[in-house]
file protein25.cif (mmCIF, C-alpha atoms)
data_final
#
loop_
_atom_site.group_PDB
_atom_site.id
_atom_site.type_symbol
_atom_site.label_atom_id
_atom_site.label_comp_id
_atom_site.auth_asym_id
_atom_site.auth_seq_id
_atom_site.Cartn_x
_atom_site.Cartn_y
_atom_site.Cartn_z
ATOM 1 C CA MET O 83 -28.852 112.072 -83.442
ATOM 2 C CA ASN O 84 -29.178 115.504 -81.825
ATOM 3 C CA GLU O 85 -28.280 116.304 -78.232
ATOM 4 C CA PHE O 86 -31.793 115.472 -76.926
ATOM 5 C CA GLU O 87 -32.240 112.099 -78.566
ATOM 6 C CA ASP O 88 -31.180 108.843 -77.010
ATOM 7 C CA ASP O 89 -30.581 105.322 -78.141
ATOM 8 C CA GLY O 90 -33.532 103.932 -76.162
ATOM 9 C CA GLU O 91 -31.501 102.684 -73.192
ATOM 10 C CA VAL O 92 -31.750 104.191 -69.761
ATOM 11 C CA SER O 93 -28.874 104.008 -67.358
ATOM 12 C CA THR O 94 -29.819 104.154 -63.699
ATOM 13 C CA GLY O 95 -26.254 104.215 -62.474
ATOM 14 C CA PHE O 96 -27.005 101.188 -60.278
ATOM 15 C CA ASP O 97 -25.062 98.289 -61.697
ATOM 16 C CA GLU O 98 -25.038 96.402 -58.384
ATOM 17 C CA LEU O 99 -27.830 95.485 -56.043
ATOM 18 C CA VAL O 100 -27.895 97.443 -52.827
ATOM 19 C CA LYS O 101 -27.921 95.225 -49.753
ATOM 20 C CA LEU O 102 -30.210 96.182 -46.924
ATOM 21 C CA PRO O 103 -28.596 96.316 -43.488
ATOM 22 C CA PRO O 104 -29.098 93.215 -41.357
ATOM 23 C CA LYS O 105 -31.920 93.095 -38.833
ATOM 24 C CA TYR O 106 -31.612 92.042 -35.207
ATOM 25 C CA LYS O 107 -34.131 90.360 -32.920
ATOM 26 C CA VAL O 108 -34.515 91.704 -29.390
ATOM 27 C CA ILE O 109 -35.325 88.683 -27.241
ATOM 28 C CA LEU O 110 -36.693 88.785 -23.695
ATOM 29 C CA LEU O 111 -35.430 85.987 -21.457
ATOM 30 C CA ASN O 112 -37.403 84.317 -18.694
ATOM 31 C CA ASP O 113 -36.348 84.465 -15.050
ATOM 32 C CA ASP O 114 -37.999 83.448 -11.773
ATOM 33 C CA PHE O 115 -38.433 86.963 -10.402
ATOM 34 C CA THR O 116 -39.746 89.360 -13.050
ATOM 35 C CA THR O 117 -43.543 89.454 -12.950
ATOM 36 C CA LYS O 118 -45.681 88.709 -15.979
ATOM 37 C CA GLU O 119 -47.344 92.092 -15.531
ATOM 38 C CA PHE O 120 -44.005 93.880 -15.726
ATOM 39 C CA VAL O 121 -43.034 92.007 -18.905
ATOM 40 C CA VAL O 122 -46.337 93.086 -20.504
ATOM 41 C CA PHE O 123 -45.666 96.659 -19.333
ATOM 42 C CA VAL O 124 -42.187 96.635 -20.934
ATOM 43 C CA LEU O 125 -43.522 95.228 -24.192
ATOM 44 C CA MET O 126 -46.182 97.916 -24.367
ATOM 45 C CA ARG O 127 -43.968 100.804 -23.237
ATOM 46 C CA VAL O 128 -40.600 100.072 -24.833
ATOM 47 C CA PHE O 129 -41.656 97.998 -27.835
ATOM 48 C CA LYS O 130 -45.018 99.732 -28.507
ATOM 49 C CA LYS O 131 -46.937 96.444 -28.625
ATOM 50 C CA PRO O 132 -50.719 96.405 -28.218
ATOM 51 C CA GLU O 133 -51.825 94.700 -24.992
ATOM 52 C CA ALA O 134 -53.002 91.456 -26.635
ATOM 53 C CA GLU O 135 -49.707 91.041 -28.529
ATOM 54 C CA ALA O 136 -47.693 91.927 -25.406
ATOM 55 C CA GLU O 137 -49.543 89.243 -23.437
ATOM 56 C CA SER O 138 -48.913 86.690 -26.184
ATOM 57 C CA ILE O 139 -45.175 87.452 -26.227
ATOM 58 C CA MET O 140 -45.076 87.328 -22.418
ATOM 59 C CA GLU O 141 -46.678 83.869 -22.488
ATOM 60 C CA SER O 142 -44.025 82.733 -24.960
ATOM 61 C CA VAL O 143 -41.306 84.018 -22.625
ATOM 62 C CA HIS O 144 -42.931 82.209 -19.703
ATOM 63 C CA ARG O 145 -43.496 78.896 -21.550
ATOM 64 C CA THR O 146 -40.366 78.628 -23.692
ATOM 65 C CA GLY O 147 -37.889 80.794 -21.804
ATOM 66 C CA ARG O 148 -37.693 83.472 -24.481
ATOM 67 C CA GLY O 149 -39.806 85.662 -26.691
ATOM 68 C CA ILE O 150 -39.105 88.023 -29.573
ATOM 69 C CA ALA O 151 -40.006 91.563 -28.558
ATOM 70 C CA GLY O 152 -39.174 93.046 -31.960
ATOM 71 C CA VAL O 153 -36.882 93.074 -34.980
ATOM 72 C CA TYR O 154 -34.883 96.226 -35.698
ATOM 73 C CA SER O 155 -31.728 97.659 -37.190
ATOM 74 C CA TYR O 156 -28.697 97.159 -34.939
ATOM 75 C CA ASP O 157 -28.721 100.643 -33.368
ATOM 76 C CA ILE O 158 -32.416 100.528 -32.575
ATOM 77 C CA ALA O 159 -32.122 96.986 -31.185
ATOM 78 C CA LEU O 160 -29.318 98.118 -28.857
ATOM 79 C CA THR O 161 -31.333 101.114 -27.723
ATOM 80 C CA ARG O 162 -34.432 98.998 -26.971
ATOM 81 C CA ARG O 163 -32.303 96.494 -25.059
ATOM 82 C CA GLU O 164 -30.768 99.245 -22.944
ATOM 83 C CA MET O 165 -34.158 100.862 -22.304
ATOM 84 C CA THR O 166 -35.518 97.491 -21.176
ATOM 85 C CA THR O 167 -32.584 96.824 -18.871
ATOM 86 C CA GLN O 168 -32.737 100.285 -17.280
ATOM 87 C CA LEU O 169 -36.502 100.109 -16.782
ATOM 88 C CA ALA O 170 -36.232 96.643 -15.237
ATOM 89 C CA ARG O 171 -33.421 97.613 -12.862
ATOM 90 C CA SER O 172 -35.159 100.801 -11.763
ATOM 91 C CA ASN O 173 -38.179 98.664 -10.843
ATOM 92 C CA GLY O 174 -36.139 95.995 -9.050
ATOM 93 C CA PHE O 175 -36.399 93.248 -11.674
ATOM 94 C CA PRO O 176 -33.548 91.189 -13.190
ATOM 95 C CA LEU O 177 -35.219 90.952 -16.622
ATOM 96 C CA LYS O 178 -32.643 90.290 -19.326
ATOM 97 C CA CYS O 179 -32.815 90.593 -23.045
ATOM 98 C CA ALA O 180 -30.492 89.556 -25.817
ATOM 99 C CA ILE O 181 -29.905 90.609 -29.395
ATOM 100 C CA GLU O 182 -29.543 88.071 -32.183
ATOM 101 C CA LYS O 183 -28.863 88.684 -35.845
ATOM 102 C CA GLU O 184 -31.823 87.608 -37.947
#
call {"tool": "encode", "arguments": {"input": "protein25.cif", "output": "structure tokens"}}
result
Amino acid sequence: MNEFEDDGEVSTGFDELVKLPPKYKVILLNDDFTTKEFVVFVLMRVFKKPEAEAESIMESVHRTGRGIAGVYSYDIALTRREMTTQLARSNGFPLKCAIEKE
């Protein structure tokens, strides 16, 4: 065998499977003070949801007490939660959101 021939096997160097990082759900929680319109606004502005999807999520929050705004890597989930909290407080609403590992 010369230096350019091979034995037919290809080594990728990956003997182990690479695990993807865990994902986290950002969950909006219902309260008695935050308006439905503001929740839709947050979903469209912070979570980039189209209006129809934002309204559907808002209805879930209103009916069940919680709704999933999005699923992200940990850092992005934290950032979206903080953006939501700051936007809510600056507009006088107590809207809360939580992060849960998927």
call {"tool": "resolve_selection", "arguments": {"input": "protein25.cif", "expression": "the PyMOL selection byres ((chain O and resi 121) around 10)", "output": "list in words"}}
result
Leu110, Asn112, Thr116, Thr117, Lys118, Glu119, Phe120, Val122, Phe123, Val124, Leu125, Met126, Arg127, Ala136, Glu137, Ile139, Met140, Glu141, Val143, His144, Thr166, Ala170, Phe175 and Leu177 of chain O
call {"tool": "resolve_selection", "arguments": {"input": "protein25.cif", "expression": "the PyMOL selection byres ((chain O and resi 150) around 8)", "output": "list in words"}}
result
Lys107, Val108, Ile109, Leu110, Ile139, Arg148, Gly149, Ala151, Gly152 and Val153 of chain O
call {"tool": "atom_distance", "arguments": {"input": "protein25.cif", "atom1": "atom CA of O:Pro104", "atom2": "atom CA of O:Glu135"}}
result
24.4 Å
call {"tool": "atom_distance", "arguments": {"input": "protein25.cif", "atom1": "atom CA of O:Arg145", "atom2": "atom CA of O:Asp114"}}
result
12.1 Å
call {"tool": "resolve_selection", "arguments": {"input": "protein25.cif", "expression": "the PyMOL selection byres ((chain O and resi 154) around 6)", "output": "PyMOL selection string"}}
result
chain O and resi 105-106+153+155+158-159
call {"tool": "atom_distance", "arguments": {"input": "protein25.cif", "atom1": "atom CA of O:Glu184", "atom2": "atom CA of O:Phe115"}}
result
28.3 Å
call {"tool": "closest_residue", "arguments": {"input": "protein25.cif", "among": "O:Val128, O:Leu102, O:Ala134, O:Asp113", "to": "O:Leu169", "atoms": "only C-alpha atoms"}}
result
O:Val128
call {"tool": "closest_residue", "arguments": {"input": "protein25.cif", "among": "O:Thr146, O:Pro103, O:Arg162, O:Gln168", "to": "O:Lys183", "atoms": "all atoms listed in the file"}}
result
O:Pro103
call {"tool": "residues_around", "arguments": {"input": "protein25.cif", "residues": "O:Arg163", "least_positions_apart": "5", "cutoff": "8 Å", "atoms": "only C-alpha atoms", "output": "list in words"}}
result
Val108, Cys179, Ala180 and Ile181 of chain O
call {"tool": "write_last_selection", "arguments": {"input": "protein25.cif", "atoms": "C-alpha atoms", "output": "PDB file, in the coordinates of the input"}}
result
ATOM      1  CA  VAL O 108     -34.515  91.704 -29.390  1.00  0.00           C
ATOM      2  CA  CYS O 179     -32.815  90.593 -23.045  1.00  0.00           C
ATOM      3  CA  ALA O 180     -30.492  89.556 -25.817  1.00  0.00           C
ATOM      4  CA  ILE O 181     -29.905  90.609 -29.395  1.00  0.00           C
TER       5      ILE O 181
END
call {"tool": "closest_residue", "arguments": {"input": "protein25.cif", "among": "O:Tyr156, O:Ser142, O:Phe129, O:Met165", "to": "O:Lys178", "atoms": "all atoms listed in the file"}}
result
O:Met165
call {"tool": "build_atoms", "arguments": {"input": "protein25.cif", "residues": "stretch 110-123 of chain O", "atoms": "N, CA, C and O atoms", "output": "mmCIF file, in the coordinates of the input"}}
result
data_model
loop_
_atom_site.group_PDB
_atom_site.id
_atom_site.type_symbol
_atom_site.label_atom_id
_atom_site.label_comp_id
_atom_site.auth_asym_id
_atom_site.auth_seq_id
_atom_site.Cartn_x
_atom_site.Cartn_y
_atom_site.Cartn_z
ATOM 1 N N LEU O 110 -36.552 88.750 -25.149
ATOM 2 C CA LEU O 110 -36.693 88.785 -23.695
ATOM 3 C C LEU O 110 -36.475 87.376 -23.167
ATOM 4 O O LEU O 110 -36.956 86.400 -23.756
ATOM 5 N N LEU O 111 -35.762 87.280 -22.048
ATOM 6 C CA LEU O 111 -35.430 85.987 -21.457
ATOM 7 C C LEU O 111 -36.160 85.815 -20.127
ATOM 8 O O LEU O 111 -36.254 86.749 -19.327
ATOM 9 N N ASN O 112 -36.651 84.613 -19.904
ATOM 10 C CA ASN O 112 -37.403 84.317 -18.694
ATOM 11 C C ASN O 112 -36.487 84.266 -17.469
ATOM 12 O O ASN O 112 -35.319 83.892 -17.571
ATOM 13 N N ASP O 113 -37.022 84.645 -16.327
ATOM 14 C CA ASP O 113 -36.348 84.465 -15.050
ATOM 15 C C ASP O 113 -37.434 84.160 -14.014
ATOM 16 O O ASP O 113 -38.621 84.218 -14.319
ATOM 17 N N ASP O 114 -37.037 83.833 -12.806
ATOM 18 C CA ASP O 114 -37.999 83.448 -11.773
ATOM 19 C C ASP O 114 -38.494 84.623 -10.925
ATOM 20 O O ASP O 114 -39.243 84.404 -9.970
ATOM 21 N N PHE O 115 -38.105 85.835 -11.256
ATOM 22 C CA PHE O 115 -38.433 86.963 -10.402
ATOM 23 C C PHE O 115 -39.248 88.061 -11.075
ATOM 24 O O PHE O 115 -40.052 88.717 -10.417
ATOM 25 N N THR O 116 -39.027 88.300 -12.340
ATOM 26 C CA THR O 116 -39.746 89.360 -13.050
ATOM 27 C C THR O 116 -41.198 88.932 -13.239
ATOM 28 O O THR O 116 -41.465 87.841 -13.724
ATOM 29 N N THR O 117 -42.125 89.801 -12.853
ATOM 30 C CA THR O 117 -43.543 89.454 -12.950
ATOM 31 C C THR O 117 -44.030 89.493 -14.395
ATOM 32 O O THR O 117 -43.496 90.230 -15.234
ATOM 33 N N LYS O 118 -45.064 88.716 -14.654
ATOM 34 C CA LYS O 118 -45.681 88.709 -15.979
ATOM 35 C C LYS O 118 -46.220 90.098 -16.316
ATOM 36 O O LYS O 118 -46.121 90.551 -17.451
ATOM 37 N N GLU O 119 -46.778 90.755 -15.318
ATOM 38 C CA GLU O 119 -47.344 92.092 -15.531
ATOM 39 C C GLU O 119 -46.269 93.085 -15.961
ATOM 40 O O GLU O 119 -46.508 93.926 -16.826
ATOM 41 N N PHE O 120 -45.084 92.968 -15.356
ATOM 42 C CA PHE O 120 -44.005 93.880 -15.726
ATOM 43 C C PHE O 120 -43.523 93.611 -17.148
ATOM 44 O O PHE O 120 -43.235 94.549 -17.899
ATOM 45 N N VAL O 121 -43.450 92.348 -17.546
ATOM 46 C CA VAL O 121 -43.034 92.007 -18.905
ATOM 47 C C VAL O 121 -44.019 92.602 -19.912
ATOM 48 O O VAL O 121 -43.624 93.197 -20.920
ATOM 49 N N VAL O 122 -45.322 92.492 -19.628
ATOM 50 C CA VAL O 122 -46.337 93.086 -20.504
ATOM 51 C C VAL O 122 -46.154 94.599 -20.545
ATOM 52 O O VAL O 122 -46.199 95.217 -21.619
ATOM 53 N N PHE O 123 -45.899 95.212 -19.399
ATOM 54 C CA PHE O 123 -45.666 96.659 -19.333
ATOM 55 C C PHE O 123 -44.486 97.067 -20.216
ATOM 56 O O PHE O 123 -44.578 98.029 -20.991
#
